[in-house]
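Heads up: the structure comes next, in structure tokens.
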Protein chains: 2
Amino acid sequence: MTIDLAAVLDHADAGLDESLARLFEFIRIPSISTDRAYTADCRRAAEWLRDQLGALGFDATVRNTTGHLMVVAHGSETAAPHVLFYGHYDVQPVDPLSLWTHPPFEPVLVEAPDGDTHIRGRGASDDKGQLLTFIEACRAWKAVTGRLPIRISMLFEGEEEAGSPSLGPFLEQTADELRADTILVCDTDMWDRATPAITTMFRGLVGEELEITAADRDLHSGMFGSAARNAAHVLAKVLASLHDDDGAVTVPGFYDGVAELPEAIAAQWQQLPFDAEKFLSDIGLSIPAGETGRSVQEMIWSRPTCEINGIWSGYTAEGFKTVIPGKASAKLSFRLVAGQDPDAVRKNFRAHVESLIPADCRVSFKPHGTSPASIMPLDSPLLRQALGALTAEWGVEAAIAGTGGSIPILGEFKRRLGMDSLLIGFARFDNRIHSPNEKYDLSSFRHGIRSWIRILAAFADGAK
Amino acid sequence: MTIDLAAVLDHADAGLDESLARLFEFIRIPSISTDRAYTADCRRAAEWLRDQLGALGFDATVRNTTGHLMVVAHGSETAAPHVLFYGHYDVQPVDPLSLWTHPPFEPVLVEAPDGDTHIRGRGASDDKGQLLTFIEACRAWKAVTGRLPIRISMLFEGEEEAGSPSLGPFLEQTADELRADTILVCDTDMWDRATPAITTMFRGLVGEELEITAADRDLHSGMFGSAARNAAHVLAKVLASLHDDDGAVTVPGFYDGVAELPEAIAAQWQQLPFDAEKFLSDIGLSIPAGETGRSVQEMIWSRPTCEINGIWSGYTAEGFKTVIPGKASAKLSFRLVAGQDPDAVRKNFRAHVESLIPADCRVSFKPHGTSPASIMPLDSPLLRQALGALTAEWGVEAAIAGTGGSIPILGEFKRRLGMDSLLIGFARFDNRIHSPNEKYDLSSFRHGIRSWIRILAAFADGAK
């Protein structure tokens with residue numbers, strides 16, 4: 001270890017409380033991208049990042065899109081390699097608010113039974129806490145050595161939780177400005193609380209919203225009951241039809257192109273500690289709900305899924321109203337694996353739904369994001385250098401992992417910039433991202449900052 | 001026709017604008033009983049009735065219950081028979097508000113294409129417009145003759161749309177005060193726009209709300225998808241299971257005790273004009289949704305039903321959230337016919353749902369009202385006198401009808417006071433009660449007032 005590296009790590013540890021104060025300030029901005037009521041807050045979050053990076057000596061600007069702002073920043077250093085760090089400043093909605101133990105945008109530290117400390121608040125993990133580990137690592141390098149060890153650019157968007165509609169066009173416009181040797185993303189999990197991971201396999205995503213219309217108004221159930229088609233009933237039949245009794249998705253052609261897990265990856269997964277019973281009992285369940293005969297690991301990493309994300313119809317407030325709903329709606333998402341064509345999945349799903357709609361009813365669809373599955377190459381020198389740095393920081397060998405999640409932006413980077421990404425994250429699977437009481441472990445935050453400090457050093461050394 | 005009767009009818013016609021102004025004033029009070037936000041408005045509606053009746057010379061008071069107020073009024077006349085008029089001052093919720101062409105509590109007159117005029121607003125028909133026909137009839141009698149032709153008491157409650165939880169206990173306490181020769185209720189439909197009706201057959205009602213819990217929180221669909229049970233998916237399976245492909249309800253024992261329609265009633269229904277195609281096309285539909293092989297008339301009057309009134313689960317706001325809902329809920333109602341035991345229906349439904357819940361999930365239930373079906377006797381002199389009065393007013397023979405609706409309070413009157421009810425209403429089947437743009441025809445209001453004037457005269461004459 002060089003003297004510089006040790007000093008930078010020590011500086012980061014000494015300044016952890018200030019780093020945490022900045023994270024709290026960032027979390028306090030309720031930058032919910034999918035709800036128009038928070039548009040001004042999304043702008044505030046972008047400007048907060050711009051100001052932080054400007055103060056660190058970056059050439060930092062916000063850029064307009066048709067949606068929320070992009071933040072672009074370039075360091076003045078020129079040493080190889082050139083990395084582009086990507087993150088998102090927007091967060092998920094917070095409902096149901098009643099299940100939060102603290103207001104979601106008033107972050108708190110909570111002592112956890114396992115001895116760690118939880119940073120609790122919406123975005124603490126996804127992605128404000130995670131992206132700040134990288135910025136704080138840069139801050140420590142600047143503070144101790146006066147410079148960054150390599151050439152660093154950054155890109156932050158505010159629409160990741162809304163399917164990143166502006167990212168593709170923006171990358172198209174700014175390809176020459178942003179193209180680098182690799183993209184770094186901090187939006188993924190550790191393998192377990194002791195083992196860091198680089199995630200190389202992602203599922204794709206198809207989001208759909210549908211609205212079924214039966215009668216042209218809500219009807220009195222006594223006057224029209226059973227004679228008039230009930231839209232909620234049609235919706236229930238449609239949704240119930242999407243899986244067979246063995247948990248397999250019934251949409252025609254859904255499994256077209258889906259391969260069995262390669263032996264090599266299956267073997268590696270076998271060696272990783274994974275307790276399916278605990279995985280389920282941690283969320284109050286005990287019976288795997290997916291395809292009969294598949295392991296829980298396969299279900300969440302390598303098999304495609306179809307999930308209902310929300311349903312609504314008729315009278316849902318307090319009390320009772322004997323109404324036959326004229327309309328019924330649902331939001332659904334499909335997680336895709338390699339070999340599946342997202343457009344075909346959407347088309348087949350719509351045809352399947354339409355086949356179940358009575359002739360005097362109708363259905364309309366609204367798309368919510370599309371991305372294919374992606375697999376990152378395992379032979380890149382930067383990947384090897386990053387694995388080494390992670391292993392040094394955490395004292396256990398870093399894992400190469402798959403994830404059931406989808407990072408649609410990876411496809412955009414590949415398509416628009418021709419670049420692969422390195423996904424290094426410090427979240428834990430119990431972080432409750434997208435759920436009430438989202439948290440980020442203080443140890444993730446601290447070792448995340450330290451990990452990036454080491455990774456930047458390893459990249460600099462590797463280029464010599 | 002006596003001179004008195006002609007003068008009273010003329011007086012009512014001459015004062016129709018003032019009657020309408022009072023109805024508008026009444027509709028402007030948003031007395032939604034199922035929503036606690038409107039509790040003070042329910043009180044205002046009760047006090048408005050008390051004040052109106054007090055000004056007419058009734059001994060009118062409001063009475064406390066554990067829920068909304070009761071209004072009780074007694075006229076000072078003693079001539080036989082003694083009738084108790086029942087109505088309700090509470091109204092249904094107004095959502096979805098966006099479908100109203102005018103604010104629901106700002107009543108307006110709208111010229112209709114058929115040449116009639118619609119009084120539009122929540123409660124215009126159910127039950128404010130209807131109940132006011134009786135009060136305005138009393139007003140005309142008092143104005144012209146200085147007295148009511150028979151002994152009249154009135155009872156108005158504010159919880160009819162919430163299942164009348166306070167009515168039974170209140171009738172128990174006030175049985176001696178309220179017992180009369182018959183109960184008059186104005187909360188039903190005409191046969192068609194030209195033909196008045198007395199409704200003698202009602203379906204019963206069982207209301208249920210259920211909540212399914214899968215995981216102990218909402219989950220990220222990428223991290224947990226397909227491995228973790230989706231509560232919305234379980235709910236869809238439950239709701240889809242409630243009817244078979246022929247539209248019959250599948251809850252075990254549901255049809256126990258259900259008889260085929262008696263020949264005499266079937267024959268009468270055959271003679272009544274009923275256009276099933278128009279019935280459906282008026283609401284934007286064309287295919288009867290109920291039991292295969294049954295007529296639409298049977299479906300809505302004489303067959304029991306199971307309807308979904310509302311469903312909700314997961315993320316339902318703007319945009320998209322890739323969440324696996326931990327909870328999913330539904331409100332349902334069953335319309336029952338003679339021979340069905342409401343308690344057995346509820347019990348069998350709950351057992352059926354429980355049989356479909358995965359072992360690691362759970363379901364809880366909440367009851368919303370229970371009433372058996374009821375059939376009124378056809379041999380009462382008061383019924384014959386009322387039929388004669390209606391026939392005189394409308395110029396066509398009044399019908400004896402069934403209805404698919406439920407009036408749970410009929411069971412309470414029978415049980416607590418030992419009394420049958422006479423159901424005489426002037427609503428039309430297209431009044432959109434419980435729906436946006438509820439309306440009452442001005443002709444219903446006018447002829448309704450005139451009909452009650454005649455019925456009171458007929459009762460007085462019949463008792464001589």
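Going through the structure tokens in order, the chains are called A, B, and so on, while each chain numbers its residues from 1 and the ligands are numbered from 1 in the order shown.
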
Near chain B, meaning an atom within 6 Å, which residues of chain A appear when counting only C-alpha atoms? Write them as a PyMOL selection string.
chain A and resi 34+215-216+218+222-224+226-229+236-237+239-240+283-286+288-290+296+299-300+305+309-316+319+322-324+360+404-405+435

List every residue of segment 17-147 of chain B that DSSP, applied to the backbone of this structure, places in helix (DSSP H, G or I), and write the result as a PyMOL selection string.
chain B and resi 17-27+36-55+97-99+128-145

Go ahead and save the picked residues with N, CA and C atoms, as a compact mmCIF listing (two decimals), in the first residue's frame.
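After the write, result.txt holds the following:
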# COMPACT_ATOMS: atom_id res chain seq x y z
N ASP B 17 -91.97 25.07 -7.68
CA ASP B 17 -90.66 25.74 -7.67
C ASP B 17 -90.11 25.85 -6.25
N GLU B 18 -91.00 26.16 -5.30
CA GLU B 18 -90.55 26.25 -3.91
C GLU B 18 -90.13 24.87 -3.39
N SER B 19 -90.88 23.85 -3.80
CA SER B 19 -90.51 22.48 -3.39
C SER B 19 -89.11 22.14 -3.91
N LEU B 20 -88.88 22.52 -5.15
CA LEU B 20 -87.59 22.26 -5.79
C LEU B 20 -86.47 23.02 -5.08
N ALA B 21 -86.76 24.25 -4.69
CA ALA B 21 -85.74 25.04 -3.99
C ALA B 21 -85.36 24.37 -2.68
N ARG B 22 -86.37 23.79 -2.00
CA ARG B 22 -86.06 23.09 -0.75
C ARG B 22 -85.21 21.85 -1.05
N LEU B 23 -85.53 21.14 -2.13
CA LEU B 23 -84.73 19.95 -2.47
C LEU B 23 -83.28 20.36 -2.75
N PHE B 24 -83.09 21.45 -3.49
CA PHE B 24 -81.72 21.92 -3.78
C PHE B 24 -80.96 22.22 -2.49
N GLU B 25 -81.66 22.88 -1.57
CA GLU B 25 -81.04 23.22 -0.29
C GLU B 25 -80.59 21.94 0.44
N PHE B 26 -81.43 20.94 0.36
CA PHE B 26 -81.17 19.66 1.03
C PHE B 26 -79.98 18.94 0.36
N ILE B 27 -79.95 18.94 -0.98
CA ILE B 27 -78.86 18.27 -1.71
C ILE B 27 -77.53 18.95 -1.43
N ARG B 36 -65.99 9.68 7.52
CA ARG B 36 -66.02 10.46 8.76
C ARG B 36 -65.85 11.95 8.54
N ALA B 37 -65.25 12.30 7.39
CA ALA B 37 -65.02 13.73 7.12
C ALA B 37 -66.34 14.49 7.00
N TYR B 38 -67.44 13.77 6.79
CA TYR B 38 -68.73 14.44 6.57
C TYR B 38 -69.69 14.29 7.74
N THR B 39 -69.15 13.96 8.89
CA THR B 39 -70.01 13.74 10.06
C THR B 39 -70.83 14.99 10.40
N ALA B 40 -70.19 16.15 10.35
CA ALA B 40 -70.92 17.38 10.69
C ALA B 40 -72.01 17.66 9.66
N ASP B 41 -71.76 17.29 8.40
CA ASP B 41 -72.76 17.51 7.36
C ASP B 41 -73.96 16.58 7.56
N CYS B 42 -73.70 15.36 8.03
CA CYS B 42 -74.81 14.45 8.32
C CYS B 42 -75.69 15.06 9.41
N ARG B 43 -75.05 15.64 10.42
CA ARG B 43 -75.81 16.30 11.48
C ARG B 43 -76.64 17.45 10.90
N ARG B 44 -76.03 18.22 10.02
CA ARG B 44 -76.76 19.35 9.42
C ARG B 44 -77.99 18.87 8.64
N ALA B 45 -77.82 17.75 7.93
CA ALA B 45 -78.94 17.22 7.15
C ALA B 45 -80.08 16.80 8.07
N ALA B 46 -79.73 16.15 9.19
CA ALA B 46 -80.75 15.71 10.15
C ALA B 46 -81.49 16.93 10.72
N GLU B 47 -80.72 17.95 11.08
CA GLU B 47 -81.32 19.14 11.69
C GLU B 47 -82.17 19.90 10.67
N TRP B 48 -81.74 19.85 9.42
CA TRP B 48 -82.54 20.50 8.36
C TRP B 48 -83.92 19.84 8.28
N LEU B 49 -83.95 18.50 8.32
CA LEU B 49 -85.23 17.79 8.28
C LEU B 49 -86.09 18.12 9.50
N ARG B 50 -85.44 18.11 10.66
CA ARG B 50 -86.17 18.43 11.89
C ARG B 50 -86.82 19.81 11.78
N ASP B 51 -86.04 20.77 11.29
CA ASP B 51 -86.55 22.14 11.20
C ASP B 51 -87.69 22.24 10.18
N GLN B 52 -87.55 21.56 9.05
CA GLN B 52 -88.60 21.58 8.04
C GLN B 52 -89.90 21.01 8.61
N LEU B 53 -89.78 19.87 9.30
CA LEU B 53 -90.98 19.21 9.83
C LEU B 53 -91.56 19.99 11.00
N GLY B 54 -90.70 20.56 11.81
CA GLY B 54 -91.17 21.39 12.91
C GLY B 54 -92.01 22.56 12.37
N ALA B 55 -91.52 23.18 11.30
CA ALA B 55 -92.24 24.31 10.71
C ALA B 55 -93.58 23.89 10.14
N LEU B 97 -64.89 11.59 -8.76
CA LEU B 97 -65.38 12.96 -8.92
C LEU B 97 -65.18 13.45 -10.35
N SER B 98 -64.14 12.96 -11.02
CA SER B 98 -63.81 13.47 -12.36
C SER B 98 -64.89 13.15 -13.39
N LEU B 99 -65.76 12.17 -13.08
CA LEU B 99 -66.79 11.81 -14.04
C LEU B 99 -68.07 12.63 -13.89
N LYS B 128 -82.89 11.81 -1.12
CA LYS B 128 -83.40 13.12 -0.74
C LYS B 128 -84.60 13.55 -1.58
N GLY B 129 -84.48 13.36 -2.91
CA GLY B 129 -85.60 13.72 -3.77
C GLY B 129 -86.82 12.87 -3.46
N GLN B 130 -86.59 11.60 -3.29
CA GLN B 130 -87.71 10.69 -3.03
C GLN B 130 -88.40 10.99 -1.71
N LEU B 131 -87.62 11.16 -0.65
CA LEU B 131 -88.27 11.35 0.66
C LEU B 131 -89.01 12.69 0.70
N LEU B 132 -88.47 13.67 -0.06
CA LEU B 132 -89.11 14.99 -0.04
C LEU B 132 -90.48 14.96 -0.74
N THR B 133 -90.69 14.00 -1.66
CA THR B 133 -92.03 13.92 -2.27
C THR B 133 -93.09 13.74 -1.19
N PHE B 134 -92.76 12.96 -0.17
CA PHE B 134 -93.73 12.71 0.89
C PHE B 134 -93.91 13.95 1.76
N ILE B 135 -92.81 14.57 2.13
CA ILE B 135 -92.90 15.75 2.99
C ILE B 135 -93.67 16.88 2.28
N GLU B 136 -93.39 17.04 0.98
CA GLU B 136 -94.07 18.11 0.22
C GLU B 136 -95.56 17.78 0.07
N ALA B 137 -95.90 16.49 -0.01
CA ALA B 137 -97.32 16.11 -0.04
C ALA B 137 -98.00 16.51 1.27
N CYS B 138 -97.31 16.25 2.39
CA CYS B 138 -97.86 16.65 3.69
C CYS B 138 -98.02 18.17 3.75
N ARG B 139 -97.00 18.89 3.25
CA ARG B 139 -97.04 20.35 3.25
C ARG B 139 -98.28 20.87 2.51
N ALA B 140 -98.57 20.27 1.35
CA ALA B 140 -99.73 20.71 0.55
C ALA B 140 -101.04 20.46 1.30
N TRP B 141 -101.15 19.28 1.92
CA TRP B 141 -102.35 18.99 2.71
C TRP B 141 -102.55 20.02 3.82
N LYS B 142 -101.45 20.31 4.54
CA LYS B 142 -101.55 21.27 5.63
C LYS B 142 -101.93 22.66 5.12
N ALA B 143 -101.32 23.04 4.01
CA ALA B 143 -101.54 24.40 3.49
C ALA B 143 -103.00 24.60 3.07
N VAL B 144 -103.57 23.58 2.44
CA VAL B 144 -104.93 23.74 1.88
C VAL B 144 -106.01 23.45 2.92
N THR B 145 -105.81 22.38 3.72
CA THR B 145 -106.88 21.97 4.65
C THR B 145 -106.55 22.27 6.11

Write out as a VMD selection string all residues of segment 231-425 of chain A that backbone DSSP assigns to strand (DSSP E or B).
chain A and resid 243 249 305 to 314 323 to 324 327 to 336 362 to 371 374 to 375 399 to 402 421 to 425
